Amino acid sequence: MTRKRSPWLTGVVTLVYIFLYAPILVLIVFAFNSSRANVVFEGVVNQGPCGPFYWFCVLFRNQEVLAAARNTLTIAITSTLFSTTFGTMAALALQRYQFPAKTFSEVSLYIPIVIPEIVMGIGILVLFSALFRWLNAALGLTGDGRLSMGLGTVIVSHVAFSVPFVTLVVRARLHDFNRSIEEAALDLGATEWITFWRVTLPIIAPGVLAGGLLAFTLSLDDFVITFFTTGPGATTLPIYIYGLLRRIITPEVNALSTVWILIVLAALLISQRLQSRQA
Amino acid sequence: MTTLFSSLRHKDSQRGLLLISPTVLWMVGLLIIPLILVVITSFGRRSPDGAVIYTFTLDNYARLIGISRDLPCGDTPPPCFDDLYVTILWRSVTLAFQTTLLVILVGYPLAYYVARASDRRRNTLLFLILVPLWTNFVIRVYAWMMILRTQGVLNDLIGAIFDLFNLPFQPLEMLYTPGAVLVGMVYEFLPFMVLPMYTSLEKIDDRLFEAAADLGANAAKTFWRVTLPLSMPGVVAGTILVFIPVMGTFLVSDILGGRQVILVGNLIQRQFLDARNPAFGSAASIILMIMTLIITIFYTRKFGFGEEIVSA
């Protein structure tokens, strides 16, 4: 149904969309800047074999960026696998079973939503630094053998803030689940284990997948928790960019941002395709 | 595996516990225990080498609320009132309120427009809100840094317009001002408000608008009496999703505010990483958490807890 819409509303909404996209446009345009200082746009760069894509070539040859990209992906993939598994299990438990401390479990899942991320971040920092100091002393570890913050601590922390979101998404899917299908499978002689893998999981799969995608994006995007839980050799892309912002900024950062935006765009387009196919 | 599961058959509670245990382990180990440690640390003292001496002192909290016992406040000798940290806390709260209010004002027309658009256009419009949302937080702050710099894009644009009318133009100092931080915050958190608002608005049955029109309500009256009340769950959920993170953010103020706009998030970050005083930083975190919780509880008491929080 189409309605008459006031030109005022259309005007305001157009301005809001400009507000949303102007910064992104600026980022992309400056990735082609010929000025290294990147404050004023001095013209399109045309240097080396890459021509206007000079800064992208610099980017893809930068070992620090590549290492940060690798770390970011390692963290996102590992933490997603864990948080999706745990979140799905938790959703099943909360939706289907009665057990002691159920209310406590449910309330604890809301903590990451109602507490500022920075408090969570410093809390985990305090925990790990105390734990490692104690372990290093207890086990007599010295020098390079000492336990310290790194990929492991970041992954463990990312699992902590993603699990509640996965649980929420999978629970929503379980809510509409028709359990008579499972009963039919059991009546036909399937074991509960087989029923879970062949009946339950395929039905809730879209929810699990959506939860997993959410966990993956949250991990990829995270700055605050990573900032407080990372260590030497575990720099992620957001942390790397933050480091650059406080020092010198060349158009390389813009090239990196542009690549990131393109990946986000592609990922969103694919997930929309998948969703519309499901519907 | 099969024997394990058949032995658990009909034992709901055991099975439930088994399924929930990794999650609870994580929540207790990485959220609850760390929070308790922060509380304990906040009562500690800084040792000369930047570590924490665990005692029970309220000094950190006293310092935060402005009681200076050792250092003079300007010309006044101690003990005296030093407003340094109170100012930072107050600035954080006011900025969070301003951001939330602005985000509602900017986001509502957008959410309304998208929710009332035709099915085909709605998906595209929604997609266009998601792209900036999923673009990295740090990258988005950087974009505003480029725009607001003295030699940045916005000054260039205004300069060009002034040139057109042959007016003299002095580039404006926009970066490192409270205004820059506010704009950055609104930009960062706008999608968090728009999405739950959209969910609420989209649910409203079209026939309600027709009924309102049939009963003689004009557009304004329909908005105030039908649209706005029915979209309140979305506004409430959005407010929670915006207000809480804004209160704790340090990145936006760090990059766009420099040393001019220090928020409680920056204070905490510096105590942990530069000043090496985790005890004082922990006390600031506890104050931040308490302020956030009090405001959130007060707010949800008044407006209810937003169901739409899940859909965002």
# chains A, B, ... in the order shown; residues from 1 in each chain; ligands from 1
$ select_by_dssp --residues "segment 15-263 of chain A" --states "alpha helix (DSSP H)" --output "number ranges by chain"
A: 15-29, 54-61, 63-96, 102-108, 111-114, 117-139, 151-175, 180-187, 192-195, 201-221, 224-229, 237-245, 251-263
$ residues_around --residues "segment 171-182 of chain B" --least-positions-apart "3" --cutoff "9 Å" --atoms "only C-alpha atoms" --output "mmCIF file with C-alpha atoms, in the first residue's frame"
data_model
loop_
_atom_site.group_PDB
_atom_site.id
_atom_site.type_symbol
_atom_site.label_atom_id
_atom_site.label_comp_id
_atom_site.auth_asym_id
_atom_site.auth_seq_id
_atom_site.Cartn_x
_atom_site.Cartn_y
_atom_site.Cartn_z
ATOM 1 C CA LEU B 95 27.031 13.590 26.590
ATOM 2 C CA ALA B 96 25.277 10.217 26.813
ATOM 3 C CA GLN B 98 22.604 14.390 24.402
ATOM 4 C CA THR B 99 23.684 11.550 22.116
ATOM 5 C CA TRP B 144 34.964 11.828 10.907
ATOM 6 C CA MET B 145 38.502 12.791 11.776
ATOM 7 C CA ILE B 147 35.964 15.381 7.688
ATOM 8 C CA LEU B 148 36.314 17.606 10.745
ATOM 9 C CA ARG B 149 40.039 18.444 10.566
ATOM 10 C CA THR B 150 40.936 22.110 10.187
ATOM 11 C CA GLN B 151 42.185 21.358 6.675
ATOM 12 C CA ASN B 155 36.117 23.155 5.968
ATOM 13 C CA ASP B 156 36.996 22.776 2.276
ATOM 14 C CA ILE B 158 32.322 25.559 3.524
ATOM 15 C CA GLY B 159 35.329 27.454 2.135
ATOM 16 C CA MET B 185 28.805 9.409 18.838
ATOM 17 C CA VAL B 186 25.564 10.061 16.933
ATOM 18 C CA TYR B 187 27.091 8.594 13.793
ATOM 19 C CA VAL B 252 35.291 8.413 19.915
ATOM 20 C CA SER B 253 36.398 10.954 22.514
ATOM 21 C CA ASP B 254 40.000 9.792 22.205
ATOM 22 C CA ILE B 255 40.189 10.349 18.447
ATOM 23 C CA LEU B 256 37.731 13.241 17.965
ATOM 24 C CA GLY B 257 38.071 14.949 21.341
ATOM 25 C CA GLY B 258 41.804 14.662 21.929
ATOM 26 C CA ARG B 259 42.754 16.052 25.295
ATOM 27 C CA GLN B 260 39.839 18.493 25.252
ATOM 28 C CA VAL B 261 36.992 16.051 25.870
#
$ residues_around --residues "segment 59-76 of chain A" --least-positions-apart "5" --cutoff "10 Å" --atoms "only C-alpha atoms" --output "PyMOL selection string"
chain A and resi 53-54+81+151-156+158-159+215-222+226+233-241+251-256+259
$ closest_residue --among "B:Val114, B:Leu133, B:Ala62, B:Leu71" --to "Tyr21 of chain A" --atoms "only C-alpha atoms"
B:Leu133
$ closest_atom_pairs --of "chain B" --to "chain A" --cutoff "7 Å" --atoms "only C-alpha atoms" --output "CSV"
residue,atom,partner,partner_atom,distance
B:Thr2,CA,A:Trp193,CA,6.9
B:Asp12,CA,A:Tyr97,CA,5.5
B:Ser13,CA,A:Phe99,CA,4.1
B:Gly16,CA,A:Ala93,CA,4.6
B:Leu17,CA,A:Phe99,CA,6.3
B:Leu19,CA,A:Met89,CA,5.0
B:Ile20,CA,A:Ala90,CA,4.6
B:Pro22,CA,A:Phe86,CA,6.1
B:Thr23,CA,A:Phe86,CA,5.8
B:Val24,CA,A:Ser105,CA,6.2
B:Trp26,CA,A:Ala160,CA,5.8
B:Met27,CA,A:Ser108,CA,6.3
B:Leu30,CA,A:Ile124,CA,6.2
B:Leu31,CA,A:Met120,CA,6.6
B:Pro34,CA,A:Gly123,CA,4.3
B:Leu35,CA,A:Gly123,CA,5.6
B:Leu37,CA,A:Gly123,CA,6.8
B:Val38,CA,A:Gly123,CA,5.7
B:Pro109,CA,A:Val13,CA,6.5
B:Leu110,CA,A:Val13,CA,5.4
B:Ser118,CA,A:Thr2,CA,6.7
B:Val131,CA,A:Leu265,CA,6.3
B:Pro132,CA,A:Leu20,CA,6.8
B:Trp134,CA,A:Val264,CA,6.5
B:Thr135,CA,A:Ile261,CA,5.8
B:Asn136,CA,A:Asp221,CA,5.5
B:Phe137,CA,A:Asp221,CA,7.0
B:Val138,CA,A:Pro238,CA,6.1
B:Ile139,CA,A:Ser257,CA,6.2
B:Ala143,CA,A:Pro23,CA,5.2
B:Trp144,CA,A:Pro23,CA,6.4
B:Gln151,CA,A:Val39,CA,6.6
B:Gly152,CA,A:Val39,CA,6.5
B:Ile244,CA,A:Pro116,CA,5.8
B:Pro245,CA,A:Pro116,CA,5.5
B:Gly248,CA,A:Pro116,CA,5.3
B:Ser285,CA,A:Val119,CA,5.8
B:Met289,CA,A:Ile115,CA,6.5
B:Val310,CA,A:Leu168,CA,6.9
$ atom_distance --atom1 "atom CA of Phe165 of chain B" --atom2 "atom CA of Met146 of chain B"
25.5 Å
$ residues_around --residues "Thr100 of chain B" --least-positions-apart "5" --cutoff "9 Å" --atoms "only C-alpha atoms" --output "PyMOL selection string"
chain B and resi 95+105+186+189-190+193+238-239+242-243+246
$ write_last_selection --atoms "C-alpha atoms" --output "PDB file, in the first residue's frame"
ATOM      1  CA  LEU B  95      27.031  13.590  26.590  1.00  0.00           C
ATOM      2  CA  LEU B 105      15.448  12.729  16.809  1.00  0.00           C
ATOM      3  CA  VAL B 186      25.564  10.061  16.933  1.00  0.00           C
ATOM      4  CA  PHE B 189      25.220   4.680  17.421  1.00  0.00           C
ATOM      5  CA  LEU B 190      22.460   5.781  15.043  1.00  0.00           C
ATOM      6  CA  MET B 193      18.466   3.100  17.560  1.00  0.00           C
ATOM      7  CA  GLY B 238      17.109   1.591  21.214  1.00  0.00           C
ATOM      8  CA  THR B 239      17.751   3.928  24.141  1.00  0.00           C
ATOM      9  CA  VAL B 242      22.675   3.452  22.733  1.00  0.00           C
ATOM     10  CA  PHE B 243      22.919   4.936  26.221  1.00  0.00           C
ATOM     11  CA  VAL B 246      27.961   5.666  24.911  1.00  0.00           C
TER      12      VAL B 246
END
$ closest_residue --among "B:Phe162, B:Phe298, B:Tyr142, B:Phe192" --to "Leu130 of chain B" --atoms "only C-alpha atoms"
B:Phe192
$ atom_distance --atom1 "atom CA of Arg63 of chain B" --atom2 "atom CA of Val86 of chain B"
9.2 Å
$ atom_distance --atom1 "atom CA of Gly107 of chain B" --atom2 "atom CA of Lys302 of chain B"
21.7 Å
$ residues_around --residues "Thr41 of chain B" --least-positions-apart "6" --cutoff "10 Å" --atoms "only C-alpha atoms" --output "ChimeraX atom specification"
/A:123,126 /B:35,52-56,278-283
